[in-house]
$ cat work.cif   # mmCIF, C-alpha atoms
data_start
#
loop_
_atom_site.group_PDB
_atom_site.id
_atom_site.type_symbol
_atom_site.label_atom_id
_atom_site.label_comp_id
_atom_site.auth_asym_id
_atom_site.auth_seq_id
_atom_site.Cartn_x
_atom_site.Cartn_y
_atom_site.Cartn_z
ATOM 1 C CA MET A 1 0.000 0.000 0.000
ATOM 2 C CA ALA A 2 2.883 2.366 0.913
ATOM 3 C CA LYS A 3 4.616 1.461 -2.365
ATOM 4 C CA GLU A 4 1.436 2.305 -4.316
ATOM 5 C CA ASN A 5 1.242 5.719 -2.609
ATOM 6 C CA VAL A 6 4.907 6.395 -3.431
ATOM 7 C CA ASN A 7 4.303 5.510 -7.097
ATOM 8 C CA LYS A 8 1.256 7.789 -7.225
ATOM 9 C CA THR A 9 3.255 10.633 -5.664
ATOM 10 C CA LYS A 10 6.109 10.065 -8.144
ATOM 11 C CA LYS A 11 3.710 10.025 -11.128
ATOM 12 C CA SER A 12 1.995 13.186 -9.865
ATOM 13 C CA HIS A 13 5.389 14.891 -9.545
ATOM 14 C CA GLU A 14 6.377 13.791 -13.077
ATOM 15 C CA ASP A 15 3.057 15.039 -14.506
ATOM 16 C CA LYS A 16 3.583 18.366 -12.768
ATOM 17 C CA ASN A 17 7.097 18.696 -14.167
ATOM 18 C CA SER A 18 5.848 17.682 -17.600
ATOM 19 C CA GLY A 19 3.192 20.416 -17.497
ATOM 20 C CA THR A 20 5.772 22.964 -16.395
ATOM 21 C CA SER A 21 8.043 21.893 -19.212
ATOM 22 C CA LYS A 22 5.200 22.288 -21.742
ATOM 23 C CA ASP A 23 4.329 25.683 -20.304
ATOM 24 C CA LYS A 24 7.965 26.730 -20.481
ATOM 25 C CA LYS A 25 8.196 25.629 -24.107
ATOM 26 C CA GLY A 26 4.991 27.537 -24.865
ATOM 27 C CA VAL A 27 6.372 30.703 -23.263
ATOM 28 C CA GLU A 28 9.679 30.302 -25.119
ATOM 29 C CA LYS A 29 7.809 29.794 -28.380
ATOM 30 C CA HIS A 30 5.686 32.894 -27.721
ATOM 31 C CA GLN A 31 8.780 34.955 -26.853
ATOM 32 C CA THR A 32 10.515 33.753 -30.022
ATOM 33 C CA SER A 33 7.432 34.680 -32.044
ATOM 34 C CA GLU A 34 7.350 38.143 -30.442
ATOM 35 C CA LYS A 35 11.057 38.586 -31.153
ATOM 36 C CA LYS A 36 10.522 37.677 -34.808
ATOM 37 C CA GLU A 37 7.620 40.124 -35.051
ATOM 38 C CA LYS A 38 9.701 42.934 -33.560
ATOM 39 C CA THR A 39 12.581 42.151 -35.894
ATOM 40 C CA SER A 40 10.383 41.898 -38.982
ATOM 41 C CA SER A 41 8.671 45.200 -38.121
ATOM 42 C CA LYS A 42 12.022 46.911 -38.649
ATOM 43 C CA ILE A 43 12.493 45.468 -42.122
ATOM 44 C CA TYR A 44 11.271 48.222 -44.439
ATOM 45 C CA LYS A 45 10.559 47.849 -48.110
ATOM 46 C CA LYS A 46 13.018 49.801 -50.219
ATOM 47 C CA PRO A 47 11.703 52.324 -52.771
ATOM 48 C CA SER A 48 11.802 50.703 -56.199
ATOM 49 C CA ILE A 49 9.846 52.924 -58.601
ATOM 50 C CA PRO A 50 11.763 55.492 -60.713
ATOM 51 C CA ILE A 51 10.785 59.100 -60.173
ATOM 52 C CA VAL A 52 9.168 59.108 -63.634
ATOM 53 C CA LYS A 53 7.647 56.170 -65.442
ATOM 54 C CA PRO A 54 8.628 55.800 -69.123
ATOM 55 C CA SER A 55 5.042 56.547 -70.176
ATOM 56 C CA GLU A 56 4.944 59.880 -68.323
ATOM 57 C CA GLU A 57 6.049 63.223 -69.728
ATOM 58 C CA LYS A 58 6.938 66.544 -68.156
ATOM 59 C CA VAL A 59 6.309 65.610 -64.531
ATOM 60 C CA ILE A 60 7.295 68.038 -61.814
ATOM 61 C CA TYR A 61 7.558 67.658 -58.026
ATOM 62 C CA LEU A 62 6.894 70.682 -55.805
ATOM 63 C CA THR A 63 8.260 70.408 -52.258
ATOM 64 C CA PHE A 64 7.832 72.921 -49.426
ATOM 65 C CA ASP A 65 10.097 72.945 -46.358
ATOM 66 C CA ASP A 66 9.875 74.416 -42.836
ATOM 67 C CA GLY A 67 6.080 74.343 -42.367
ATOM 68 C CA PRO A 68 3.392 74.208 -41.438
ATOM 69 C CA SER A 69 3.062 77.984 -41.148
ATOM 70 C CA ASN A 70 0.248 80.452 -40.551
ATOM 71 C CA ARG A 71 -0.049 80.713 -44.358
ATOM 72 C CA ILE A 72 -0.339 77.018 -45.171
ATOM 73 C CA GLU A 73 -4.098 77.275 -45.757
ATOM 74 C CA ASP A 74 -3.403 79.874 -48.445
ATOM 75 C CA LEU A 75 -0.693 77.623 -49.859
ATOM 76 C CA MET A 76 -2.979 74.594 -50.035
ATOM 77 C CA ASN A 77 -5.831 76.612 -51.548
ATOM 78 C CA THR A 78 -3.502 77.946 -54.259
ATOM 79 C CA LEU A 79 -2.152 74.481 -55.039
ATOM 80 C CA GLU A 80 -5.648 73.024 -55.266
ATOM 81 C CA LYS A 81 -6.809 75.862 -57.499
ATOM 82 C CA TYR A 82 -4.163 74.853 -60.062
ATOM 83 C CA LYS A 83 -4.639 71.128 -59.399
ATOM 84 C CA ALA A 84 -1.056 70.886 -58.186
ATOM 85 C CA ASP A 85 -0.038 67.997 -55.948
ATOM 86 C CA ALA A 86 2.830 68.803 -53.593
ATOM 87 C CA THR A 87 4.916 67.450 -50.730
ATOM 88 C CA PHE A 88 5.467 69.205 -47.393
ATOM 89 C CA PHE A 89 8.542 68.567 -45.211
ATOM 90 C CA TRP A 90 7.542 69.735 -41.736
ATOM 91 C CA LEU A 91 9.332 70.749 -38.547
ATOM 92 C CA GLU A 92 8.062 69.177 -35.337
ATOM 93 C CA PRO A 93 7.469 72.413 -33.362
ATOM 94 C CA ASN A 94 5.403 73.795 -36.257
ATOM 95 C CA ILE A 95 3.293 70.629 -36.409
ATOM 96 C CA LYS A 96 2.402 71.297 -32.769
ATOM 97 C CA ARG A 97 1.864 75.012 -33.275
ATOM 98 C CA PHE A 98 -0.372 74.582 -36.319
ATOM 99 C CA SER A 99 -1.956 71.257 -35.446
ATOM 100 C CA LYS A 100 -5.334 72.125 -36.989
ATOM 101 C CA GLU A 101 -3.677 73.032 -40.292
ATOM 102 C CA ALA A 102 -1.525 69.896 -40.152
ATOM 103 C CA LYS A 103 -4.619 67.704 -39.822
ATOM 104 C CA ASP A 104 -6.250 69.568 -42.692
ATOM 105 C CA ALA A 105 -3.239 69.034 -44.975
ATOM 106 C CA VAL A 106 -3.295 65.280 -44.323
ATOM 107 C CA LYS A 107 -7.061 65.200 -44.885
ATOM 108 C CA ARG A 108 -6.643 66.996 -48.226
ATOM 109 C CA GLY A 109 -4.204 64.329 -49.384
ATOM 110 C CA PHE A 110 -0.926 66.202 -49.608
ATOM 111 C CA SER A 111 2.220 64.128 -49.147
ATOM 112 C CA ILE A 112 3.905 64.732 -45.799
ATOM 113 C CA GLY A 113 7.581 64.347 -44.915
ATOM 114 C CA LEU A 114 9.670 65.244 -41.878
ATOM 115 C CA HIS A 115 12.251 68.034 -41.556
ATOM 116 C CA GLY A 116 13.391 67.330 -38.008
ATOM 117 C CA VAL A 117 12.963 69.354 -34.829
ATOM 118 C CA THR A 118 15.629 72.020 -34.320
ATOM 119 C CA HIS A 119 16.774 73.019 -37.822
ATOM 120 C CA ASP A 120 20.088 73.636 -36.075
ATOM 121 C CA ALA A 121 23.044 71.988 -37.843
ATOM 122 C CA LYS A 122 25.089 71.732 -34.643
ATOM 123 C CA LYS A 123 22.283 69.881 -32.889
ATOM 124 C CA ILE A 124 20.727 67.646 -35.529
ATOM 125 C CA TYR A 125 24.081 66.609 -37.033
ATOM 126 C CA ALA A 126 25.835 66.084 -33.684
ATOM 127 C CA SER A 127 25.733 62.331 -34.409
ATOM 128 C CA SER A 128 23.914 59.810 -36.560
ATOM 129 C CA ASN A 129 21.701 59.066 -33.553
ATOM 130 C CA SER A 130 20.708 62.721 -33.188
ATOM 131 C CA VAL A 131 19.477 62.799 -36.797
ATOM 132 C CA VAL A 132 17.371 59.674 -36.272
ATOM 133 C CA ASN A 133 16.101 60.916 -32.900
ATOM 134 C CA GLU A 134 14.896 64.222 -34.366
ATOM 135 C CA MET A 135 13.068 62.436 -37.164
ATOM 136 C CA ASP A 136 11.561 59.922 -34.722
ATOM 137 C CA THR A 137 10.363 62.770 -32.499
ATOM 138 C CA ALA A 138 8.806 64.599 -35.450
ATOM 139 C CA ASN A 139 7.158 61.387 -36.658
ATOM 140 C CA HIS A 140 5.708 60.670 -33.218
ATOM 141 C CA THR A 141 4.188 64.165 -33.069
ATOM 142 C CA LEU A 142 2.843 63.856 -36.620
ATOM 143 C CA LYS A 143 1.181 60.545 -35.759
ATOM 144 C CA GLU A 144 -0.210 61.863 -32.484
ATOM 145 C CA ILE A 145 -1.775 64.937 -34.101
ATOM 146 C CA THR A 146 -2.839 63.723 -37.562
ATOM 147 C CA GLY A 147 -3.117 59.963 -37.092
ATOM 148 C CA LYS A 148 -0.563 59.451 -39.875
ATOM 149 C CA SER A 149 3.150 58.731 -39.828
ATOM 150 C CA THR A 150 5.645 58.913 -42.688
ATOM 151 C CA ARG A 151 8.973 57.516 -43.831
ATOM 152 C CA LEU A 152 9.839 60.534 -45.979
ATOM 153 C CA ILE A 153 12.475 62.920 -44.604
ATOM 154 C CA ARG A 154 14.537 65.882 -45.744
ATOM 155 C CA THR A 155 17.375 66.954 -43.507
ATOM 156 C CA PRO A 156 17.950 70.695 -42.913
ATOM 157 C CA TYR A 157 20.183 72.376 -45.534
ATOM 158 C CA GLY A 158 20.141 69.173 -47.602
ATOM 159 C CA SER A 159 22.117 66.003 -47.133
ATOM 160 C CA TYR A 160 25.496 67.391 -48.277
ATOM 161 C CA PRO A 161 27.936 67.643 -46.582
ATOM 162 C CA TYR A 162 26.423 66.675 -43.223
ATOM 163 C CA MET A 163 24.905 63.304 -44.097
ATOM 164 C CA THR A 164 27.969 61.073 -44.294
ATOM 165 C CA PRO A 165 27.616 57.431 -45.406
ATOM 166 C CA GLN A 166 27.342 56.481 -41.720
ATOM 167 C CA TYR A 167 24.539 58.994 -41.145
ATOM 168 C CA LYS A 168 22.706 57.891 -44.284
ATOM 169 C CA ALA A 169 22.973 54.258 -43.179
ATOM 170 C CA ALA A 170 21.499 55.195 -39.782
ATOM 171 C CA VAL A 171 18.373 56.856 -41.206
ATOM 172 C CA ASP A 172 18.027 54.065 -43.757
ATOM 173 C CA ASN A 173 18.185 51.418 -41.014
ATOM 174 C CA ALA A 174 15.559 53.396 -39.084
ATOM 175 C CA GLY A 175 13.249 53.040 -42.077
ATOM 176 C CA PHE A 176 13.392 56.624 -43.339
ATOM 177 C CA ILE A 177 13.689 57.666 -46.995
ATOM 178 C CA LEU A 178 15.962 60.671 -47.479
ATOM 179 C CA TRP A 179 15.090 63.232 -50.162
ATOM 180 C CA ASP A 180 17.026 66.194 -51.542
ATOM 181 C CA TRP A 181 16.209 68.278 -54.641
ATOM 182 C CA ASN A 182 17.650 69.212 -58.027
ATOM 183 C CA VAL A 183 16.086 72.683 -58.366
ATOM 184 C CA ASP A 184 16.847 75.257 -55.674
ATOM 185 C CA SER A 185 14.294 78.047 -55.994
ATOM 186 C CA MET A 186 16.504 80.369 -53.903
ATOM 187 C CA ASP A 187 13.306 81.666 -52.273
ATOM 188 C CA TRP A 188 15.159 81.469 -48.946
ATOM 189 C CA LYS A 189 17.559 84.096 -50.293
ATOM 190 C CA PHE A 190 15.480 86.388 -52.517
ATOM 191 C CA ARG A 191 12.426 86.639 -50.267
ATOM 192 C CA ASN A 192 10.339 87.919 -53.172
ATOM 193 C CA GLY A 193 8.989 86.899 -56.580
ATOM 194 C CA ARG A 194 12.475 86.859 -58.054
ATOM 195 C CA TYR A 195 12.684 83.153 -57.253
ATOM 196 C CA ILE A 196 10.256 82.352 -60.098
ATOM 197 C CA ASN A 197 12.736 83.135 -62.891
ATOM 198 C CA GLU A 198 15.372 81.139 -61.022
ATOM 199 C CA VAL A 199 13.087 78.094 -60.941
ATOM 200 C CA ILE A 200 12.062 78.380 -64.598
ATOM 201 C CA GLN A 201 15.673 78.593 -65.798
ATOM 202 C CA GLN A 202 16.702 75.517 -63.794
ATOM 203 C CA VAL A 203 13.642 73.523 -64.861
ATOM 204 C CA GLU A 204 14.230 74.307 -68.543
ATOM 205 C CA ASN A 205 17.850 73.213 -68.165
ATOM 206 C CA LEU A 206 16.786 69.883 -66.631
ATOM 207 C CA GLU A 207 14.107 69.411 -69.288
ATOM 208 C CA SER A 208 16.756 69.635 -72.016
ATOM 209 C CA LYS A 209 18.544 66.763 -70.267
ATOM 210 C CA ASN A 210 15.337 64.754 -69.743
ATOM 211 C CA ILE A 211 15.642 65.029 -65.960
ATOM 212 C CA THR A 212 12.566 65.318 -63.749
ATOM 213 C CA PRO A 213 12.593 68.460 -61.566
ATOM 214 C CA VAL A 214 12.220 68.227 -57.793
ATOM 215 C CA ILE A 215 11.880 71.830 -56.638
ATOM 216 C CA LEU A 216 12.882 73.151 -53.229
ATOM 217 C CA LEU A 217 10.471 75.825 -51.989
ATOM 218 C CA HIS A 218 9.541 77.075 -48.536
ATOM 219 C CA ASP A 219 6.270 77.498 -46.667
ATOM 220 C CA ARG A 220 6.586 81.258 -46.205
ATOM 221 C CA ALA A 221 4.573 84.323 -47.178
ATOM 222 C CA GLU A 222 6.927 85.645 -49.880
ATOM 223 C CA THR A 223 6.938 82.312 -51.702
ATOM 224 C CA ILE A 224 3.186 81.778 -51.418
ATOM 225 C CA ASN A 225 2.344 85.282 -52.631
ATOM 226 C CA SER A 226 4.136 84.728 -55.965
ATOM 227 C CA LEU A 227 3.322 81.040 -56.367
ATOM 228 C CA PRO A 228 0.322 81.476 -58.753
ATOM 229 C CA LYS A 229 2.611 82.969 -61.399
ATOM 230 C CA LEU A 230 4.887 79.927 -61.244
ATOM 231 C CA LEU A 231 2.009 77.451 -61.317
ATOM 232 C CA LYS A 232 0.481 79.213 -64.334
ATOM 233 C CA TYR A 233 3.784 78.847 -66.182
ATOM 234 C CA PHE A 234 3.944 75.109 -65.501
ATOM 235 C CA LYS A 235 0.318 74.530 -66.474
ATOM 236 C CA LYS A 236 0.753 76.520 -69.686
ATOM 237 C CA ASN A 237 3.815 74.450 -70.604
ATOM 238 C CA GLY A 238 2.139 71.088 -70.089
ATOM 239 C CA TYR A 239 3.617 69.957 -66.784
ATOM 240 C CA THR A 240 1.870 67.491 -64.496
ATOM 241 C CA PHE A 241 2.307 67.959 -60.751
ATOM 242 C CA LYS A 242 3.080 64.862 -58.687
ATOM 243 C CA LYS A 243 3.554 64.274 -54.982
ATOM 244 C CA ILE A 244 6.382 62.200 -53.534
ATOM 245 C CA LYS A 245 5.375 58.716 -52.409
ATOM 246 C CA GLN A 246 7.225 56.231 -50.255
ATOM 247 C CA ASN A 247 7.786 53.759 -53.102
ATOM 248 C CA ILE A 248 9.671 56.233 -55.336
ATOM 249 C CA ILE A 249 13.476 56.049 -55.537
ATOM 250 C CA PRO A 250 14.655 59.331 -53.958
ATOM 251 C CA ILE A 251 16.907 62.026 -55.378
ATOM 252 C CA GLN A 252 19.922 62.562 -53.131
ATOM 253 C CA PHE A 253 23.023 64.739 -53.328
#

$ encode --input "work.cif" --output "structure tokens"
Amino acid sequence: MAKENVNKTKKSHEDKNSGTSKDKKGVEKHQTSEKKEKTSSKIYKKPSIPIVKPSEEKVIYLTFDDGPSNRIEDLMNTLEKYKADATFFWLEPNIKRFSKEAKDAVKRGFSIGLHGVTHDAKKIYASSNSVVNEMDTANHTLKEITGKSTRLIRTPYGSYPYMTPQYKAAVDNAGFILWDWNVDSMDWKFRNGRYINEVIQQVENLESKNITPVILLHDRAETINSLPKLLKYFKKNGYTFKKIKQNIIPIQF
């Protein structure tokens, strides 16, 4: 009788250990699955579509940095009037300051990219981590306010010379897509309608080389006030306005 009780106790202990072992394996399997999910979530699809498809002609990309501003409603209304798609690269403090306008821009379907937080070369380019951190911060704010996040970024002053191969690798590994431009409107310098002739000359030069223009503009009053004249020129000369998407191979310096 004592032997039977011992055997029952032993079997009970073995069953208990067996259950623990199964539970442990289940937990390990779940942890492995979670680890795989976390790892796979960081694997981003690379842009693969050329900036212009062979079937397309005279496409142009308008991009506006430093917004949103107190004039962005005027900017969007002007763009829509001329049926011009565009891309905005925004600073994080301005997204907070003009949150209502930011939500409206997303609702209207404009393409949104990030321009960082400080716009201070000494701060954002202090290290590769500081570049990524500023873009992450801006993306978090964008998501919190508009419900949308983005992979598109443009670093302040352009990627040259600050964005070394190490820095570019860091933002790439973080899932961001870095964009520069090939037409500098110089609106940051002229601060008046003079930038229009500068843009037209550069665009015509690129057109002769069969290169698609990506134009750097800024979300500021002086640029917006003269923008209709530029848009009229493009419409008259048969250009189609496109917005930057996350699957397009970016232009970089």

$ closest_residue --input "work.cif" --among "A:Lys46, A:Lys122, A:Arg194, A:Lys58" --to "Gly238 of chain A" --atoms "only C-alpha atoms"
A:Lys58

$ residues_around --input "work.cif" --residues "Ser185 of chain A" --least-positions-apart "4" --cutoff "9 Å" --atoms "all atoms listed in the file" --output "mmCIF file with C-alpha atoms, in the coordinates of the input"
data_model
loop_
_atom_site.group_PDB
_atom_site.id
_atom_site.type_symbol
_atom_site.label_atom_id
_atom_site.label_comp_id
_atom_site.auth_asym_id
_atom_site.auth_seq_id
_atom_site.Cartn_x
_atom_site.Cartn_y
_atom_site.Cartn_z
ATOM 1 C CA LYS A 189 17.559 84.096 -50.293
ATOM 2 C CA TYR A 195 12.684 83.153 -57.253
ATOM 3 C CA ILE A 196 10.256 82.352 -60.098
ATOM 4 C CA ASN A 197 12.736 83.135 -62.891
ATOM 5 C CA GLU A 198 15.372 81.139 -61.022
ATOM 6 C CA VAL A 199 13.087 78.094 -60.941
ATOM 7 C CA ILE A 200 12.062 78.380 -64.598
ATOM 8 C CA GLN A 202 16.702 75.517 -63.794
ATOM 9 C CA ILE A 215 11.880 71.830 -56.638
ATOM 10 C CA LEU A 216 12.882 73.151 -53.229
ATOM 11 C CA LEU A 217 10.471 75.825 -51.989
ATOM 12 C CA HIS A 218 9.541 77.075 -48.536
#

$ resolve_selection --input "work.cif" --expression "the PyMOL selection byres ((chain A and resi 119) around 10)" --output "list in words"
Asp66, Leu91, Glu92, His115, Gly116, Val117, Thr118, Asp120, Ala121, Lys122, Lys123, Ile124, Tyr125, Glu134, Thr155, Pro156 and Tyr157 of chain A

$ closest_residue --input "work.cif" --among "A:Ile248, A:Ile95, A:Met186, A:Val106" --to "Thr223 of chain A" --atoms "only C-alpha atoms"
A:Met186

$ atom_distance --input "work.cif" --atom1 "atom CA of Gly109 of chain A" --atom2 "atom CA of Leu231 of chain A"
18.8 Å

$ resolve_selection --input "work.cif" --expression "the PyMOL selection byres ((chain A and resi 101) around 9)" --output "ChimeraX atom specification"
/A:68-70,72-73,95,98-100,102-106

$ closest_residue --input "work.cif" --among "A:Leu227, A:Ile251, A:Val171, A:Met135" --to "Pro213 of chain A" --atoms "only C-alpha atoms"
A:Ile251

$ resolve_selection --input "work.cif" --expression "the PyMOL selection byres ((chain A and resi 163) around 12)" --output "JSON, numbers by chain"
{"A": [121, 124, 125, 126, 127, 128, 129, 130, 131, 132, 154, 155, 156, 157, 158, 159, 160, 161, 162, 164, 165, 166, 167, 168, 169, 170, 171, 172, 178, 179, 180, 252, 253]}

$ closest_residue --input "work.cif" --among "A:Val183, A:Phe110, A:Lys148, A:Lys245" --to "Lys83 of chain A" --atoms "only C-alpha atoms"
A:Phe110

$ atom_distance --input "work.cif" --atom1 "atom CA of Asn237 of chain A" --atom2 "atom CA of Asn77 of chain A"
21.5 Å

$ residues_around --input "work.cif" --residues "Ala84 of chain A" --least-positions-apart "3" --cutoff "8 Å" --atoms "all atoms listed in the file" --output "PyMOL selection string"
chain A and resi 79-81+231+240-242

$ write_last_selection --input "work.cif" --atoms "C-alpha atoms" --output "compact mmCIF listing (two decimals), keeping the file's coordinate frame"
# COMPACT_ATOMS: atom_id res chain seq x y z
CA LEU A 79 -2.15 74.48 -55.04
CA GLU A 80 -5.65 73.02 -55.27
CA LYS A 81 -6.81 75.86 -57.50
CA LEU A 231 2.01 77.45 -61.32
CA THR A 240 1.87 67.49 -64.50
CA PHE A 241 2.31 67.96 -60.75
CA LYS A 242 3.08 64.86 -58.69

$ atom_distance --input "work.cif" --atom1 "atom CA of Tyr233 of chain A" --atom2 "atom CA of Glu204 of chain A"
11.6 Å

$ closest_residue --input "work.cif" --among "A:Ile211, A:Asp184, A:Thr146, A:Met76" --to "Lys53 of chain A" --atoms "all atoms listed in the file"
A:Ile211

$ closest_residue --input "work.cif" --among "A:Ala138, A:Ile112, A:Leu230, A:Ile51" --to "Asn94 of chain A" --atoms "all atoms listed in the file"
A:Ala138

$ residues_near_point --input "work.cif" --point "(9.8, 87.3, -49.1)" --cutoff "9 Å" --atoms "all atoms listed in the file" --output "MDAnalysis selection string"
chainID A and resid 187:193 220:225

$ residues_near_point --input "work.cif" --point "(7.4, 72.1, -64.6)" --cutoff "7 Å" --atoms "only C-alpha atoms" --output "short mmCIF file (atom, residue, chain, number, x, y, z; two decimals) with C-alpha atoms, in the coordinates of the input"
data_model
loop_
_atom_site.label_atom_id
_atom_site.label_comp_id
_atom_site.auth_asym_id
_atom_site.auth_seq_id
_atom_site.Cartn_x
_atom_site.Cartn_y
_atom_site.Cartn_z
CA LYS A 58 6.94 66.54 -68.16
CA VAL A 59 6.31 65.61 -64.53
CA ILE A 60 7.30 68.04 -61.81
CA VAL A 203 13.64 73.52 -64.86
CA PHE A 234 3.94 75.11 -65.50
CA TYR A 239 3.62 69.96 -66.78
#

$ axis_aligned_box --input "work.cif" --around "segment 137-146 of chain A" --padding-each-side "5 Å" --output "AutoDock Vina command-line options"
--center_x 3.8 --center_y 62.7 --center_z -35.0 --size_x 23.2 --size_y 14.4 --size_z 15.1
